[in-house]
Every structure is written in structure tokens, then in C-alpha cells.
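The structure appears below as C-alpha cells.
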Amino acid sequence: MDRGSSISFGRYCRYAFAASMASCIWAAPAHADRSASAGQTITIPTGSLRSSLDALARQTGISIGMAGALPDLRVRRVDRARDVTEALRRMLAGSRLRAVRVDARTWRIEQAPVPVRARAPEHAGSPVPELVAGDIVVIASKRDERLSDLPASISIAGNAALGRLAGSRGLVDVMATTDSAFSTNLGPGRDRIFLRGIADSAFNGTSQSLVSLYLDDARIGYASPDPDLRLVDVDRVEVLRGPQGTLYGTGALGGVVRIVTTAPDLETFAASAAVEGTGIANGAQGGAVDATLNVPIVADTLGLRASAWVETMPGWIDDTGRDRRDVNRTRRIGGRAAMRWAIGDGWSATLSGVAQRIDARDSQYATSGLSRATRIAEPQDNDFTSGSLTIKGPVGKFEVQATTAYVDQEFGSSYDASILAPSLAVSAPLAYIEDRSASLVSQEVRVSDPTARHPWILGATILHSTSRLDGRFIPIGGTATIAARRDEEDVTDIAVFAEGTQRLSDALDFKLGLRGFSTVSHLEQRGSNSDRENANRIGVTPSATLSWHRDDLGLIWLRYASAVRPAGISRTAVRTDRRIPGDELQSVELGWRVSLLGTRLKLQGALFGSTWEHLRSDTVGEDGLLGTVDAGNAINFGIELGGRMTLASVSLDFGTTLQRARLTSSSSTTGLDRDDRRLPVVPDISARLTASKNFNAFRLPSTLYATARYSGRTRLSFDPFLDRPAGNYATIDAGASIDRGAARWSIDVTNILESRGNSFGFGNPFTLAAATQTVPIRPRAATLRLAIGF
């Protein structure tokens, strides 16, 4: 049997047990089957809307729900209501919500229609209040859900966090504000993101990413680096930690990062623009301009929202060999547009697209302080294009959504390979140029029931990824080109998934998920070690969560989850043993998200542990070219602690991660370090603390913040010949803003104390083993920004 498709007896038993549990998830508990008898009255105690609806469902046996999150309403006591209709009418009085009967035992809560051009009288009741911080609506579970109800380790970077990214508005910068999130520092458009200690390598090889990246509902990454989209007109970024194989499929071993953009407004015209300037100590100057426009083309029916940006990121690395300063200057230009059509009867369609181009004049590593010496420039680029169509709406009492997406990413690198000129019998200087492309087509359809007492979701996905790599050596000043390698990989993944929740008691829920998948991979490598391999894999990735929830306290959960990566091929192993089995990761976490002292103190965290089989790692071969090895098996366990405390006008946001990510066994076919078993990139300890204050300056709303971050010691690679110490540095940032009408002025200063340290990345793979290369953290930088809304 093919190694990639075999399933051990132990795994089969585990899967069969999960499947048998799934068969009972749709059966309602016995007490929920009771219906109100004739003459029985209904009494609902005072409480939140959520707890009141739960009480009504328990007494009457009905199913009731609402698309999206329930508002944080306080419901007065209902005494001796004659039937469900009267109970719901009295519960929702003055809320601008209404209850609609779907069938004999099912009700839906929805917004009550407001008459057009009619002004509501002042005594008609207050509008539905906005959701409080704990009731942010998130879509990480692939259906609208309150953050306070979601039993998962998730961080939300909203307006406050995104507003502090002036001068550095990429996804990597958001990771610095998130617990247990890390990234490399190779440069814009070249970085890799890692979550919860699940990291394989700092090198940008051909392995599938360990974190799934999404732009709204469209997957935008598979076997490619973070495209580093500039976060303009973004509502929030959701970071879901831990394996998410059940809902998100292959590659989500570390978790999921979802960028949620601001949706088109069908009613109001709006526009905004911003300009910023950045200067770096002992470096260059740069700046950016971005703008956003929202146009209701047909009121309440059709709307367009578009944004655009152009940015110059200043350099700070000098090249003494060519007598050039600030060589790592980078330009980023792009735009995004979305058109939304409210079709009618609750149906809508959203067509969106984004395009961005990143051009780095040179790479950003150094060999001495903030400088290096090379014979030729080493430019980098990343061109990203994506389009998606999402259609959703009700079918009876069900909510249906279908998303089709296409992604094309082209990225290239150039390196000074003069060190290889003698062995290739050519004259120096010699350049190595590598062009890579990655295209991705995906289709997902899912169905859920927002009215169900036991929430569930069903779905199916199909994904096709094509990756190509073309590397060649070119003598500078010559005409001959020496082909180095050419790799092609096609992956097709088909899957079905289901997840549902069973209410065990008033406060206790059990959630079970199951995903069945079939992955077919075709891998071809040409060059000195030409080879072609096919790999098929069929399997399941289950998940199970037991959660306890109380509105006045919070949420505690115990979760098991799993995820996989498809098989691969090693360029560095012997020809008879080049197949690399697919990764398998299983994790258990005990998590919590609670509120104390009213709402002044919010705490979140998790105790976690994971096992990782057949850890695939990208590495550099003796020829300087990137390859892939089976590093062995690994474990990671640790604790995440974070929270937010509000004291009058001052807020403290804090977090720390303590973890131990280690190899437990290494592959006998690779020359990995037998003594140092740490996983690369992720440190054993990291911490952050942000203090912010809202106040009035000159009678104008103002804010002030300061942030301190520490990243512990880590390493670059498993290979002792390539390994370099990294991490073990701290930085302090600060900033302020002031609002005057529709204008906001802000200033942000990063790395105020001019800390020095080697961050997580590498420079030139051809000289990595022969020279001490570092990727310095950026020196002190100041950014002044002006944003205006119209």
C-alpha cells in the first residue's frame, strides 16, 4: 500500500470512535423534547437575551436562533405568558428585533423592518446597542458567532491594534501584537508565519505553509510566503491558534489567520485618505499614501468599495562592497475593490479582487553591524493577484454560502553566487536567479442553521494548487545561462466536513467535528537529480471540544484537534528514499476566556500540548539550493497567558507565552543536530505589554500608548552547519494621536532604545555556511501620519 495513503490500526480506531460520536450529535437532550402542555404558562427570569432564549427553549422544546451574533440585550422578567408567541413578543419589546415563526417548532430572531423615510418617535424604544468588546462577531468558525461563545484560542486585532501600525502595516506586524505568534524577518513579501510553536524552518522552500491565510472567505496561500498585503480599510484580523484541520483542511497545523476587510456600505457615500512619512535612524526616508472610496451605486441594492495604496519602505542596510547605502529600500503598490449586490429575499453576492506588487531593491541581511559586502545586488519581488465571488442567503431555515476564489502569486529572488564560480567553470561575479509561481483555485460550499438550538455546519471544498520553481546561474557580463533546477508540483484536495454542538446542560456544550479528505499530489523535479513522484492520501481530521459557559463569568473549554500536510519529496536524500511522508499533528488544549471585576479585567489563555509526526523542514543543500528533509518527530507544550485591564481612561494589554518545542526523534537520513533539539524560529519565552490612555488635549480627543516586547532566544535551522542564534532582544515603541473633526494626526516611534538583535531569517544561502549572517531588527523609526475622512 502507498505509504502516503496508509492508515494504522490505531488511527483507524480513533477515527471510528470519532465517527460513532458524530452520529449522536444531532439528537437533542431529553429535556429539550418537552412541549408546553395545554394551560401551561411560561415564566422567563431576568437575564441576557441569550440566557432568556435558552430558558424559553428548555420550557417549550422549540428551536430558536438568529443569523449572526445575538445583541447584548438585558431582558426583563416575563411572568405567566400564555404561549411562545406572547413570551417572545414581551421579551423583544423595545429592542427593534422580532421573532418570525419558521415552522411548528422553529423560530428565527431578526431585525424588525424600519419604514423608509419614516422617523421613529422618541418613545419608540432605544435601538439595539452595539456589541461590547466580549461580543465581537467573528467568522473563524465559518459562521457568524460571538467571540464570547467561541471555545477556541483566538486573538482579534481590531481598530486600536491596526491603528498603531503606521509605517509598518503588514500582517507580520500584526503577529508582533499576538500571543504565541511569530514570523521570519526575510523582508516584505518573503516572510513565513508560525503559530503556537509549530515551526519547521526559516527558509522559503517549497513546503506547504503551516498557517492557512484567508482574505475574508478566500484562501490566499498554500505553498508560498505571506504576500504581505498592506492592511488598508481592514475591519480586523482574526488569529486562530492551534490545528484547524477539521474546518480548514490541509496545512492549518499551526492555525489560521483571517483578514476581514470592511464590507461595502449600500446606503452611505464615504471616502478617506491618508499620507504618512517615515524616517529611520542612520537610514533613509520613506512614506505612503492610501485612499478608500465607498459608493452606493443603487441605494440598498448595489455598492462598490475600493482602496489603493503606494508606499516606499526606507532601507537601513549598507553594502560596503559596492559602496551603496540603505540598499534594502522597498516599494509596495496595490489596490483592492469589492462590489456587493443585495439580490433580495436575504440573498447577496460579493465580487472582490486585490492586486499588489512588492519590489525590494536588495535583501536585508548583514555580516557586520548593519552592513555587508557583496559583488552584485540581490533584489527580491512578490506580485500577488486574487479574485473571489461569495454568494450567500437563506434556503428555508438554512443559511447557504458558496465561495469561489483564484490566487496567482509570482515571487523571485536573486543572490550573489560568486562563491560557486570556480566549481561551475565560469568567471565571477555570478548571480543565482530563482523565479517561483504559485496559483490556487478553490471552491467551498457550506450550509448551517442559525435557528438550531444545537448549532451545526456542513460543507465541501475542492482545491487545486500549482507551484513552479525555475532556478538558474547567470555570469554577470556573460551570455551563458546554467540551469540549476526546475520543480513543478500539482496538488488537488477534495474534502467534506461537518461540525455540530450538543447541549449537555444549561452551561455545558459538546462540539464534535470531522473532515474527510483525499489529496493527490504530482511532484516533478528536473536537473541533476531529476525525479517524478505521485502521492495519494486519504484520511480524516477530527476535533472535539467540551466547553462550559456562563454569561457573567466567561468560557472554559477542553479541545482536541488535528491537522495534516500532504507528502513531499526531498532533494537532499538518496534517490532510493526521497519520499517524505505527510505531516500529522494532534493537539490538546485547556483554554479560558473570562471576565473579572465586572468588565474591567478580561483574561484569556490556554495550557496546550501537541505531537507532530514527520516534521518536514526546508533546508539548504551543499550546492546552496533549498531542499526538504524529514526532520523527525516533535512535541510542543506550554502556556499562553494574556488579558486586558481597564482602569478609568487607562488600559493595559498584556500577554506571554512559555513553551517547549523540541524534536523527540530525528530522521536517520539527515544530518540534523543531535544535541540541540529546539524547533527553529519559535522562542521558549515571549512577552508583551501595552499601556494606552484616552484623554482630551486642547479639548480634542487624544490617545497615548507605549508597548514593550521581548522575544527569547531561538535558532535558525536544525542543521548545525547552518544554525545561527537568534532572538533574545526587547524593543519599546510609543505613539500618540489626536482627532480634530474628520482628521486624525498620529506619530509612532518604534524601537525607541535602538535595540540590536538577530531576528528570524537568513540572507544568502550560498554563503550562509561560510559567513556570519544576521538579519538585524529595524533601527529606531518615526512615522507621522495624517488620515482624513469625508
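Letters for chains follow the order of the C-alpha cells (A, B, ...), residue numbers begin at 1 for each chain, and ligand numbers begin at 1 in the order shown.
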Which neighbours of A:Phe411 fall inside 10 Å, counting only C-alpha atoms, when residues of the same chain fewer than 4 positions from it are skipped, and could you give them as a ChimeraX atom specification?
/A:189-190,224-225,227,357-359,380-384,434-438,469
Would you list the contacts of A:Ala288 as a ChimeraX atom specification, taking every protein, DNA or RNA residue within 12 Å and counting only C-alpha atoms, but skipping same-chain residues closer than 3 positions in sequence?
/A:166-169,230,232,273-279,285,291,308-314,330-334,783-787
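The smallest atom-to-atom distance between A:Arg322 and any of A:Ala338, A:Val237, A:Ala373, A:Leu351, using only C-alpha atoms, is found for A:Ala373.
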Going by DSSP on the backbone, which bits of stretch 480-724 of chain A are strand (DSSP E or B)? Write them as a ChimeraX atom specification, please.
/A:482-503,508-527,531-540,543-550,554-564,568-569,579-580,584-596,601-620,626-647,650-666,678,685-697,700-715
In Å, rounded to a single decimal, give me how far atom CA of A:Ile109 is from atom CA of A:Arg58.
16.9 Å
